[in-house]
$ cat structure-v2.cif   # mmCIF, C-alpha atoms
data_my_file
loop_
_atom_site.label_atom_id
_atom_site.label_comp_id
_atom_site.auth_asym_id
_atom_site.auth_seq_id
_atom_site.Cartn_x
_atom_site.Cartn_y
_atom_site.Cartn_z
CA MET S 954 17.33 15.47 7.96
CA ASN S 955 17.21 14.84 4.21
CA VAL S 956 14.67 12.26 3.03
CA LEU S 957 14.17 10.73 -0.41
CA VAL S 958 10.71 9.26 -1.08
CA THR S 959 10.44 6.98 -4.12
CA GLY S 960 7.04 6.49 -5.71
CA ALA S 961 5.92 9.78 -4.18
CA ASN S 962 3.12 10.27 -6.70
CA GLY S 963 1.34 7.02 -5.80
CA MET S 964 -1.49 6.58 -3.32
CA ILE S 965 0.77 5.82 -0.36
CA GLY S 966 3.55 8.16 -1.49
CA SER S 967 1.16 11.09 -1.74
CA ALA S 968 -0.03 10.45 1.81
CA VAL S 969 3.53 10.10 3.10
CA VAL S 970 4.63 13.40 1.55
CA ALA S 971 1.52 15.24 2.81
CA SER S 972 1.43 13.58 6.24
CA ALA S 973 1.01 15.60 9.41
CA ALA S 974 3.72 13.34 10.83
CA VAL S 975 6.41 14.71 8.49
CA PRO S 976 9.30 15.92 10.69
CA ALA S 977 11.44 18.97 10.00
CA ALA S 978 13.04 17.55 6.89
CA SER S 979 14.22 18.37 3.42
CA LEU S 980 12.12 16.19 1.11
CA ARG S 981 13.31 14.87 -2.22
CA THR S 982 10.93 12.84 -4.36
CA HIS S 983 11.01 10.25 -7.11
CA LEU S 984 7.82 10.45 -9.18
CA GLY S 985 8.08 7.37 -11.35
CA THR S 986 7.97 8.20 -15.04
CA LYS S 987 5.49 11.04 -14.47
CA ARG S 988 6.91 14.51 -15.09
CA PRO S 989 7.23 16.69 -11.97
CA ASP S 990 4.47 19.30 -11.68
CA GLY S 991 5.04 23.02 -11.25
CA ARG S 992 5.12 22.78 -7.46
CA THR S 993 8.39 20.86 -7.36
CA ARG S 994 11.70 22.65 -6.88
CA PRO S 995 14.52 22.07 -9.40
CA GLY S 996 16.82 19.38 -8.05
CA SER S 997 14.32 18.16 -5.43
CA SER S 998 12.40 15.78 -7.69
CA VAL S 999 13.15 13.38 -10.51
CA ALA S 1000 10.86 11.59 -12.95
CA CYS S 1001 12.47 8.34 -14.08
CA ASP S 1002 12.22 4.57 -13.99
CA ILE S 1003 13.07 3.24 -10.53
CA THR S 1004 15.90 1.14 -12.03
CA ASP S 1005 17.66 4.19 -13.55
CA ILE S 1006 20.43 4.66 -11.02
CA ASP S 1007 22.11 7.48 -12.92
CA ALA S 1008 18.92 9.57 -12.93
CA LEU S 1009 18.26 8.84 -9.25
CA ARG S 1010 21.78 9.56 -8.00
CA PRO S 1011 21.63 13.40 -7.97
CA VAL S 1012 18.39 13.54 -5.98
CA ALA S 1013 19.52 10.76 -3.62
CA ASP S 1014 22.95 12.25 -2.89
CA GLY S 1015 23.03 13.65 0.64
CA ALA S 1016 19.91 11.81 1.85
CA ASP S 1017 19.88 10.49 5.41
CA VAL S 1018 17.07 8.02 4.75
CA VAL S 1019 15.21 6.60 1.76
CA ILE S 1020 11.52 5.75 1.99
CA HIS S 1021 11.02 3.25 -0.82
CA LEU S 1022 7.48 2.98 -2.19
CA ALA S 1023 7.97 2.74 -5.95
CA GLY S 1024 6.49 -0.13 -7.96
CA PRO S 1025 3.16 -1.20 -9.44
CA PRO S 1026 0.57 -2.05 -6.73
CA SER S 1027 -2.02 -4.27 -8.43
CA VAL S 1028 -2.23 -7.97 -7.58
CA ALA S 1029 -4.53 -8.56 -10.57
CA ALA S 1030 -2.21 -6.84 -13.06
CA SER S 1031 0.74 -8.90 -11.84
CA PHE S 1032 -0.81 -12.07 -13.26
CA ALA S 1033 -0.97 -10.45 -16.71
CA ASP S 1034 2.58 -9.06 -16.64
CA PRO S 1035 4.70 -10.84 -14.01
CA THR S 1036 7.97 -9.89 -15.68
CA GLU S 1037 7.32 -6.18 -15.22
CA PHE S 1038 6.41 -6.65 -11.56
CA VAL S 1039 9.62 -8.56 -10.88
CA ARG S 1040 11.63 -5.95 -12.78
CA ALA S 1041 10.10 -2.97 -11.00
CA HIS S 1042 10.01 -4.39 -7.47
CA VAL S 1043 13.13 -6.58 -7.35
CA LEU S 1044 15.47 -4.68 -9.67
CA GLY S 1045 14.02 -1.36 -8.50
CA THR S 1046 14.69 -2.23 -4.86
CA THR S 1047 18.16 -3.48 -5.79
CA THR S 1048 18.82 -0.09 -7.42
CA VAL S 1049 17.72 1.74 -4.25
CA VAL S 1050 19.93 -0.49 -2.08
CA ARG S 1051 22.89 0.16 -4.40
CA LEU S 1052 22.30 3.90 -4.04
CA CYS S 1053 22.30 3.60 -0.26
CA GLN S 1054 25.59 1.71 -0.36
CA GLU S 1055 27.25 3.95 -2.94
CA LEU S 1056 26.18 7.25 -1.36
CA GLY S 1057 26.48 6.18 2.27
CA ILE S 1058 22.77 6.57 3.05
CA PRO S 1059 22.44 4.89 6.45
CA ARG S 1060 18.73 4.01 6.61
CA LEU S 1061 16.10 2.53 4.33
CA VAL S 1062 12.37 2.17 4.99
CA HIS S 1063 11.02 -0.37 2.53
CA VAL S 1064 7.25 -0.71 2.16
CA SER S 1065 6.40 -4.29 1.26
CA SER S 1066 2.97 -5.97 1.53
CA ALA S 1067 1.04 -8.40 3.72
CA GLU S 1068 0.39 -10.33 0.49
CA VAL S 1069 3.72 -12.08 1.15
CA TYR S 1070 1.96 -14.25 3.76
CA GLY S 1071 -0.39 -15.84 1.21
CA ARG S 1072 -2.87 -18.01 3.11
CA PRO S 1073 -1.55 -17.86 6.67
CA ARG S 1074 -1.81 -20.86 8.97
CA ARG S 1075 -3.32 -18.62 11.63
CA ASN S 1076 -4.91 -15.20 11.98
CA PRO S 1077 -3.85 -12.70 13.13
CA VAL S 1078 -0.59 -13.49 11.35
CA GLY S 1079 2.72 -12.39 12.86
CA GLU S 1080 5.98 -11.34 11.27
CA ALA S 1081 7.71 -14.60 12.22
CA ASP S 1082 5.03 -16.74 10.55
CA PRO S 1083 5.81 -18.43 7.23
CA THR S 1084 5.51 -16.53 3.95
CA ALA S 1085 3.91 -18.19 0.91
CA PRO S 1086 3.10 -15.72 -1.89
CA ARG S 1087 0.17 -16.52 -4.18
CA SER S 1088 0.67 -13.86 -6.84
CA PRO S 1089 3.57 -12.51 -8.90
CA TYR S 1090 3.11 -9.22 -7.03
CA ALA S 1091 3.55 -10.92 -3.66
CA ALA S 1092 6.49 -13.00 -4.88
CA ALA S 1093 8.22 -9.86 -6.17
CA LYS S 1094 7.59 -8.06 -2.88
CA LEU S 1095 9.08 -10.96 -0.90
CA ALA S 1096 12.13 -11.09 -3.18
CA ALA S 1097 12.59 -7.34 -2.69
CA GLU S 1098 12.48 -7.89 1.09
CA GLY S 1099 15.28 -10.42 0.61
CA VAL S 1100 17.43 -7.83 -1.16
CA VAL S 1101 16.93 -5.36 1.70
CA GLY S 1102 17.61 -7.99 4.35
CA ALA S 1103 20.79 -9.13 2.62
CA ALA S 1104 22.07 -5.55 2.48
CA SER S 1105 21.37 -5.06 6.17
CA ARG S 1106 23.17 -8.24 7.15
CA ALA S 1107 26.08 -7.85 4.72
CA TRP S 1108 27.11 -4.23 5.27
CA GLY S 1109 25.07 -2.87 8.15
CA LEU S 1110 22.31 -0.90 6.41
CA ASP S 1111 19.69 0.07 8.99
CA ALA S 1112 16.44 -1.09 7.42
CA VAL S 1113 12.78 -1.25 8.38
CA ILE S 1114 10.52 -3.43 6.23
CA LEU S 1115 6.85 -2.57 6.65
CA ARG S 1116 4.14 -5.04 5.61
CA PRO S 1117 0.90 -3.04 5.29
CA PHE S 1118 -2.36 -4.95 5.07
CA SER S 1119 -5.31 -3.73 2.97
CA VAL S 1120 -4.50 -0.05 2.55
CA TYR S 1121 -7.35 2.24 1.54
CA GLY S 1122 -8.01 5.96 1.31
CA PRO S 1123 -7.94 8.80 -1.23
CA GLY S 1124 -6.19 7.62 -4.39
CA ALA S 1125 -7.28 3.98 -3.95
CA ARG S 1126 -7.55 1.79 -7.03
CA ARG S 1127 -10.99 1.81 -8.56
CA ASP S 1128 -10.76 -1.84 -9.70
CA SER S 1129 -10.39 -3.14 -6.14
CA VAL S 1130 -13.25 -4.66 -4.14
CA LEU S 1131 -13.52 -1.45 -2.15
CA GLY S 1132 -13.57 0.58 -5.36
CA LEU S 1133 -16.43 -1.50 -6.69
CA ILE S 1134 -18.31 -0.99 -3.43
CA LEU S 1135 -17.82 2.77 -3.40
CA ASP S 1136 -18.86 3.17 -7.03
CA GLN S 1137 -22.17 1.52 -6.14
CA VAL S 1138 -22.60 3.41 -2.86
CA LEU S 1139 -22.30 6.68 -4.77
CA ILE S 1140 -25.43 5.90 -6.78
CA GLY S 1141 -27.73 3.95 -4.48
CA ASP S 1142 -28.44 1.78 -1.46
CA ARG S 1143 -27.80 -1.63 -3.06
CA VAL S 1144 -24.34 -3.20 -3.36
CA ARG S 1145 -23.83 -6.34 -5.43
CA LEU S 1146 -20.59 -8.33 -5.33
CA ARG S 1147 -19.33 -11.74 -6.41
CA LYS S 1148 -18.30 -12.81 -2.89
CA LEU S 1149 -19.23 -11.47 0.53
CA ASP S 1150 -17.31 -13.67 2.95
CA GLY S 1151 -13.66 -12.72 2.39
CA VAL S 1152 -11.99 -11.12 5.43
CA ARG S 1153 -9.33 -8.42 5.26
CA ASP S 1154 -7.61 -6.06 7.69
CA TYR S 1155 -8.18 -2.49 6.44
CA CYS S 1156 -5.62 0.20 7.29
CA PHE S 1157 -6.26 3.84 6.38
CA VAL S 1158 -3.46 5.33 4.28
CA ASP S 1159 -2.79 8.23 6.67
CA ASP S 1160 -2.20 5.78 9.53
CA LEU S 1161 0.29 3.94 7.33
CA ALA S 1162 2.00 7.25 6.51
CA THR S 1163 2.45 7.91 10.22
CA ALA S 1164 4.05 4.48 10.65
CA VAL S 1165 6.38 5.17 7.73
CA TRP S 1166 7.63 8.39 9.31
CA GLN S 1167 8.11 6.76 12.68
CA ALA S 1168 10.15 4.03 11.01
CA ALA S 1169 12.18 6.70 9.21
CA THR S 1170 12.97 8.84 12.25
CA LEU S 1171 13.18 6.59 15.32
CA ASP S 1172 16.66 5.40 16.36
CA LEU S 1173 16.12 1.68 15.76
CA GLY S 1174 19.26 0.24 14.18
CA GLY S 1175 19.60 -3.13 12.44
CA LEU S 1176 16.82 -4.86 10.52
CA HIS S 1177 13.15 -4.84 11.54
CA VAL S 1178 10.11 -6.37 9.82
CA LEU S 1179 6.76 -4.98 10.98
CA ASN S 1180 3.10 -5.53 10.17
CA ILE S 1181 1.09 -2.34 9.69
CA ALA S 1182 -2.61 -3.04 10.15
CA SER S 1183 -5.64 -2.31 12.28
CA GLY S 1184 -5.49 -5.76 13.87
CA ARG S 1185 -9.19 -6.30 13.08
CA GLY S 1186 -10.76 -8.40 10.34
CA THR S 1187 -13.71 -7.12 8.29
CA ARG S 1188 -15.86 -9.24 5.98
CA VAL S 1189 -16.67 -7.89 2.52
CA ASP S 1190 -20.37 -7.50 3.37
CA GLU S 1191 -19.44 -5.64 6.58
CA LEU S 1192 -17.20 -3.38 4.51
CA ALA S 1193 -20.08 -2.57 2.16
CA ARG S 1194 -22.42 -1.75 5.06
CA ALA S 1195 -19.72 0.42 6.63
CA ALA S 1196 -19.41 2.33 3.34
CA LEU S 1197 -23.17 2.94 3.26
CA THR S 1198 -22.99 4.12 6.86
CA ALA S 1199 -20.07 6.41 6.05
CA ARG S 1200 -22.09 8.01 3.27
CA ASP S 1201 -25.18 8.81 5.33
CA GLY S 1202 -23.98 8.78 8.94
CA SER S 1203 -26.05 5.66 9.63
CA LEU S 1204 -27.04 2.57 7.67
CA PRO S 1205 -29.89 3.59 5.32
CA ARG S 1206 -33.25 1.92 5.88
CA GLY S 1207 -33.75 -0.73 3.20
CA ALA S 1208 -30.08 -0.85 2.17
CA SER S 1209 -28.94 -4.24 0.84
CA VAL S 1210 -25.67 -6.03 0.20
CA GLU S 1211 -26.14 -8.95 -2.17
CA GLU S 1212 -24.06 -11.80 -3.53
CA TRP S 1213 -24.38 -12.20 -7.29
CA PRO S 1214 -23.84 -15.39 -9.29
CA ILE S 1215 -20.28 -15.42 -10.60
CA ASP S 1216 -21.10 -15.05 -14.33
CA ASP S 1217 -23.32 -12.02 -13.74
CA ALA S 1218 -20.77 -10.47 -11.38
CA VAL S 1219 -17.91 -10.86 -13.85
CA GLU S 1220 -20.02 -9.39 -16.65
CA ALA S 1221 -20.83 -6.41 -14.43
CA GLY S 1222 -17.18 -5.89 -13.51
CA THR S 1223 -17.48 -7.19 -9.95
CA GLY S 1224 -15.44 -10.38 -10.32
CA GLY S 1225 -12.32 -11.33 -8.36
CA ASP S 1226 -8.90 -9.76 -8.78
CA ARG S 1227 -6.99 -13.06 -9.01
CA PRO S 1228 -7.38 -16.71 -10.08
CA ALA S 1229 -9.46 -18.80 -7.70
CA ASP S 1230 -6.48 -20.89 -6.56
CA ALA S 1231 -4.64 -17.70 -5.65
CA ASP S 1232 -7.49 -16.32 -3.55
CA ILE S 1233 -6.82 -15.54 0.12
CA HIS S 1234 -9.93 -15.97 2.24
CA GLU S 1235 -8.70 -14.30 5.45
CA LEU S 1236 -5.73 -12.06 6.21
CA ILE S 1237 -5.50 -10.17 9.52
CA GLY S 1238 -2.37 -8.64 10.99
CA ASP S 1239 -0.86 -9.09 14.43
CA VAL S 1240 0.30 -5.54 15.22
CA SER S 1241 1.86 -6.09 18.64
CA TRP S 1242 5.40 -5.78 17.28
CA ALA S 1243 4.64 -2.45 15.56
CA ARG S 1244 3.28 -1.13 18.86
CA GLU S 1245 6.40 -2.25 20.71
CA VAL S 1246 9.01 -1.09 18.19
CA LEU S 1247 7.38 2.03 16.73
CA GLY S 1248 4.88 2.94 19.43
CA TRP S 1249 2.36 2.92 16.57
CA GLN S 1250 -1.24 1.85 16.23
CA ALA S 1251 -4.00 2.65 13.75
CA THR S 1252 -6.24 5.48 14.95
CA THR S 1253 -8.70 5.97 12.06
CA SER S 1254 -11.97 4.06 12.39
CA LEU S 1255 -13.21 2.18 9.35
CA VAL S 1256 -16.29 4.39 8.96
CA GLU S 1257 -14.23 7.58 9.27
CA GLY S 1258 -11.68 6.35 6.76
CA LEU S 1259 -14.39 5.26 4.34
CA ALA S 1260 -16.10 8.65 4.61
CA ARG S 1261 -12.86 10.37 3.63
CA THR S 1262 -12.27 7.90 0.81
CA LEU S 1263 -15.82 8.29 -0.45
CA ALA S 1264 -15.45 12.07 -0.51
CA TRP S 1265 -12.37 11.67 -2.70
CA TYR S 1266 -14.17 9.20 -4.98
CA ALA S 1267 -17.10 11.55 -5.40
CA GLY S 1268 -14.79 14.34 -6.52
CA ASP S 1269 -12.56 12.19 -8.74
CA THR S 1270 -14.44 12.83 -11.98
CA VAL S 1271 -11.50 11.77 -14.16
CA GLY S 1272 -11.20 8.39 -12.44
CA ARG S 1273 -14.95 7.85 -12.56
CA SER S 1274 -15.18 8.55 -16.27
CA THR S 1275 -12.20 6.25 -16.89
CA ALA S 1276 -13.83 3.48 -14.83
CA ALA S 1277 -17.05 3.88 -16.79
CA ARG S 1278 -15.21 3.21 -20.04
#
$ encode --input "structure-v2.cif" --output "structure tokens"
Amino acid sequence: MNVLVTGANGMIGSAVVASAAVPAASLRTHLGTKRPDGRTRPGSSVACDITDIDALRPVADGADVVIHLAGPPSVAASFADPTEFVRAHVLGTTTVVRLCQELGIPRLVHVSSAEVYGRPRRNPVGEADPTAPRSPYAAAKLAAEGVVGAASRAWGLDAVILRPFSVYGPGARRDSVLGLILDQVLIGDRVRLRKLDGVRDYCFVDDLATAVWQAATLDLGGLHVLNIASGRGTRVDELARAALTARDGSLPRGASVEEWPIDDAVEAGTGGDRPADADIHELIGDVSWAREVLGWQATTSLVEGLARTLAWYAGDTVGRSTAAR
């Protein structure tokens, strides 16, 4: 089986390529605009914009499945540059779909986002529940899903759309809430954040990678949309305490998680990642459909996943120095 992975140098892409779940396959990779490193074989990787169909065609030719991950991941950045997010996610996905049609690639696994749900009417939220994006990032992801769905219905492309919830692990963004928590956990027992009551469903990146490979290799047929999540909600203050526990093996005596006034938090770099009206208080995934279709469920506990993420953070001296600036 020949597999093309777009966005292979990102957080999720790196986990997908390195996953223990990788089947016997010939991997080809798209690395965004980053130049391939010395470990790549000539002809097996390409560094280009995801909308450059001519550059992508040689590495895509002969693929049996495309795992599509390319595109900027930051909700916060999408408010500053919505045009680029629409270009990369919608036009980029359109380019990938065109490649599948032109080259006769029969299957596409498209990794979307649970952000498409916005503020769900109920939690856990299921795949059939309404979508209502609250950021340019989420709107672009939902539009990209529409492109994939149209291709499946119009000319029979087998497609699996995955909607991962809050993905974390090695390579995670340092400007996220979790990044702010881990930066503080690395230096002490006190964590200060703007808000403590938001609830998210955290899914470790290696568990997501396993789901991606199951979607790529199982004989499914047609179009499927699946939540990828733990199925459990975790408050921000619980997340911070879990990170402290992951660091020491148990919650340190005297450790504290504190809510700061908003002005002080913003000044210290611990503000929100989106406008207040775009905030999503609670987002938890119903994963029953993923269990039924893929036979998949998350297996990494939050503390275990945080310990592995924290170990990466501690060794990421380049990222830490960049964050400090």
$ residues_around --input "structure-v2.cif" --residues "range 1099-1103 of chain S" --least-positions-apart "4" --cutoff "9 Å" --atoms "only C-alpha atoms" --output "number ranges by chain"
S: 1043, 1046-1047, 1050, 1061, 1063, 1094-1095, 1107-1108, 1110, 1112-1114, 1176
$ write_last_selection --input "structure-v2.cif" --atoms "C-alpha atoms" --output "mmCIF file, keeping the file's coordinate frame"
data_model
loop_
_atom_site.group_PDB
_atom_site.id
_atom_site.type_symbol
_atom_site.label_atom_id
_atom_site.label_comp_id
_atom_site.auth_asym_id
_atom_site.auth_seq_id
_atom_site.Cartn_x
_atom_site.Cartn_y
_atom_site.Cartn_z
ATOM 1 C CA VAL S 1043 13.130 -6.580 -7.350
ATOM 2 C CA THR S 1046 14.690 -2.230 -4.860
ATOM 3 C CA THR S 1047 18.160 -3.480 -5.790
ATOM 4 C CA VAL S 1050 19.930 -0.490 -2.080
ATOM 5 C CA LEU S 1061 16.100 2.530 4.330
ATOM 6 C CA HIS S 1063 11.020 -0.370 2.530
ATOM 7 C CA LYS S 1094 7.590 -8.060 -2.880
ATOM 8 C CA LEU S 1095 9.080 -10.960 -0.900
ATOM 9 C CA ALA S 1107 26.080 -7.850 4.720
ATOM 10 C CA TRP S 1108 27.110 -4.230 5.270
ATOM 11 C CA LEU S 1110 22.310 -0.900 6.410
ATOM 12 C CA ALA S 1112 16.440 -1.090 7.420
ATOM 13 C CA VAL S 1113 12.780 -1.250 8.380
ATOM 14 C CA ILE S 1114 10.520 -3.430 6.230
ATOM 15 C CA LEU S 1176 16.820 -4.860 10.520
#
$ resolve_selection --input "structure-v2.cif" --expression "the PyMOL selection byres ((chain S and resi 1025-1035) around 12)" --output "NGL selection string"
:S and (960 or 962-966 or 985-986 or 1002-1003 or 1022-1024 or 1036-1043 or 1045 or 1064-1069 or 1071 or 1086-1094 or 1119-1120 or 1125-1130 or 1224-1229 or 1231-1233)
$ write_last_selection --input "structure-v2.cif" --atoms "C-alpha atoms" --output "CSV table (one decimal), in the coordinates of the input"
chain,number,residue,atom,x,y,z
S,960,GLY,CA,7.0,6.5,-5.7
S,962,ASN,CA,3.1,10.3,-6.7
S,963,GLY,CA,1.3,7.0,-5.8
S,964,MET,CA,-1.5,6.6,-3.3
S,965,ILE,CA,0.8,5.8,-0.4
S,966,GLY,CA,3.6,8.2,-1.5
S,985,GLY,CA,8.1,7.4,-11.4
S,986,THR,CA,8.0,8.2,-15.0
S,1002,ASP,CA,12.2,4.6,-14.0
S,1003,ILE,CA,13.1,3.2,-10.5
S,1022,LEU,CA,7.5,3.0,-2.2
S,1023,ALA,CA,8.0,2.7,-6.0
S,1024,GLY,CA,6.5,-0.1,-8.0
S,1036,THR,CA,8.0,-9.9,-15.7
S,1037,GLU,CA,7.3,-6.2,-15.2
S,1038,PHE,CA,6.4,-6.6,-11.6
S,1039,VAL,CA,9.6,-8.6,-10.9
S,1040,ARG,CA,11.6,-6.0,-12.8
S,1041,ALA,CA,10.1,-3.0,-11.0
S,1042,HIS,CA,10.0,-4.4,-7.5
S,1043,VAL,CA,13.1,-6.6,-7.4
S,1045,GLY,CA,14.0,-1.4,-8.5
S,1064,VAL,CA,7.2,-0.7,2.2
S,1065,SER,CA,6.4,-4.3,1.3
S,1066,SER,CA,3.0,-6.0,1.5
S,1067,ALA,CA,1.0,-8.4,3.7
S,1068,GLU,CA,0.4,-10.3,0.5
S,1069,VAL,CA,3.7,-12.1,1.2
S,1071,GLY,CA,-0.4,-15.8,1.2
S,1086,PRO,CA,3.1,-15.7,-1.9
S,1087,ARG,CA,0.2,-16.5,-4.2
S,1088,SER,CA,0.7,-13.9,-6.8
S,1089,PRO,CA,3.6,-12.5,-8.9
S,1090,TYR,CA,3.1,-9.2,-7.0
S,1091,ALA,CA,3.6,-10.9,-3.7
S,1092,ALA,CA,6.5,-13.0,-4.9
S,1093,ALA,CA,8.2,-9.9,-6.2
S,1094,LYS,CA,7.6,-8.1,-2.9
S,1119,SER,CA,-5.3,-3.7,3.0
S,1120,VAL,CA,-4.5,0.0,2.6
S,1125,ALA,CA,-7.3,4.0,-4.0
S,1126,ARG,CA,-7.6,1.8,-7.0
S,1127,ARG,CA,-11.0,1.8,-8.6
S,1128,ASP,CA,-10.8,-1.8,-9.7
S,1129,SER,CA,-10.4,-3.1,-6.1
S,1130,VAL,CA,-13.2,-4.7,-4.1
S,1224,GLY,CA,-15.4,-10.4,-10.3
S,1225,GLY,CA,-12.3,-11.3,-8.4
S,1226,ASP,CA,-8.9,-9.8,-8.8
S,1227,ARG,CA,-7.0,-13.1,-9.0
S,1228,PRO,CA,-7.4,-16.7,-10.1
S,1229,ALA,CA,-9.5,-18.8,-7.7
S,1231,ALA,CA,-4.6,-17.7,-5.6
S,1232,ASP,CA,-7.5,-16.3,-3.6
S,1233,ILE,CA,-6.8,-15.5,0.1
$ resolve_selection --input "structure-v2.cif" --expression "the PyMOL selection byres ((chain S and resi 1148-1164) around 8)" --output "ChimeraX atom specification"
/S:964-965,968-969,972-974,1117-1123,1146-1147,1165-1168,1181-1190,1211-1213,1233-1238,1247,1249-1253,1255,1258
$ resolve_selection --input "structure-v2.cif" --expression "the PyMOL selection byres ((chain S and resi 1011-1016) around 10)" --output "compact mmCIF listing (two decimals) with C-alpha atoms, keeping the file's coordinate frame"
# COMPACT_ATOMS: atom_id res chain seq x y z
CA MET S 954 17.33 15.47 7.96
CA ASN S 955 17.21 14.84 4.21
CA VAL S 956 14.67 12.26 3.03
CA LEU S 957 14.17 10.73 -0.41
CA VAL S 958 10.71 9.26 -1.08
CA THR S 959 10.44 6.98 -4.12
CA SER S 979 14.22 18.37 3.42
CA LEU S 980 12.12 16.19 1.11
CA ARG S 981 13.31 14.87 -2.22
CA THR S 982 10.93 12.84 -4.36
CA HIS S 983 11.01 10.25 -7.11
CA PRO S 995 14.52 22.07 -9.40
CA GLY S 996 16.82 19.38 -8.05
CA SER S 997 14.32 18.16 -5.43
CA SER S 998 12.40 15.78 -7.69
CA VAL S 999 13.15 13.38 -10.51
CA ILE S 1006 20.43 4.66 -11.02
CA ASP S 1007 22.11 7.48 -12.92
CA ALA S 1008 18.92 9.57 -12.93
CA LEU S 1009 18.26 8.84 -9.25
CA ARG S 1010 21.78 9.56 -8.00
CA ASP S 1017 19.88 10.49 5.41
CA VAL S 1018 17.07 8.02 4.75
CA VAL S 1019 15.21 6.60 1.76
CA VAL S 1049 17.72 1.74 -4.25
CA LEU S 1052 22.30 3.90 -4.04
CA CYS S 1053 22.30 3.60 -0.26
CA GLU S 1055 27.25 3.95 -2.94
CA LEU S 1056 26.18 7.25 -1.36
CA GLY S 1057 26.48 6.18 2.27
CA ILE S 1058 22.77 6.57 3.05
CA PRO S 1059 22.44 4.89 6.45
CA ARG S 1060 18.73 4.01 6.61
$ atom_distance --input "structure-v2.cif" --atom1 "CA of Ala978 in chain S" --atom2 "CA of Gly1124 in chain S"
24.4 Å
$ atom_distance --input "structure-v2.cif" --atom1 "CA of Ala1169 in chain S" --atom2 "CA of Ile1020 in chain S"
7.3 Å
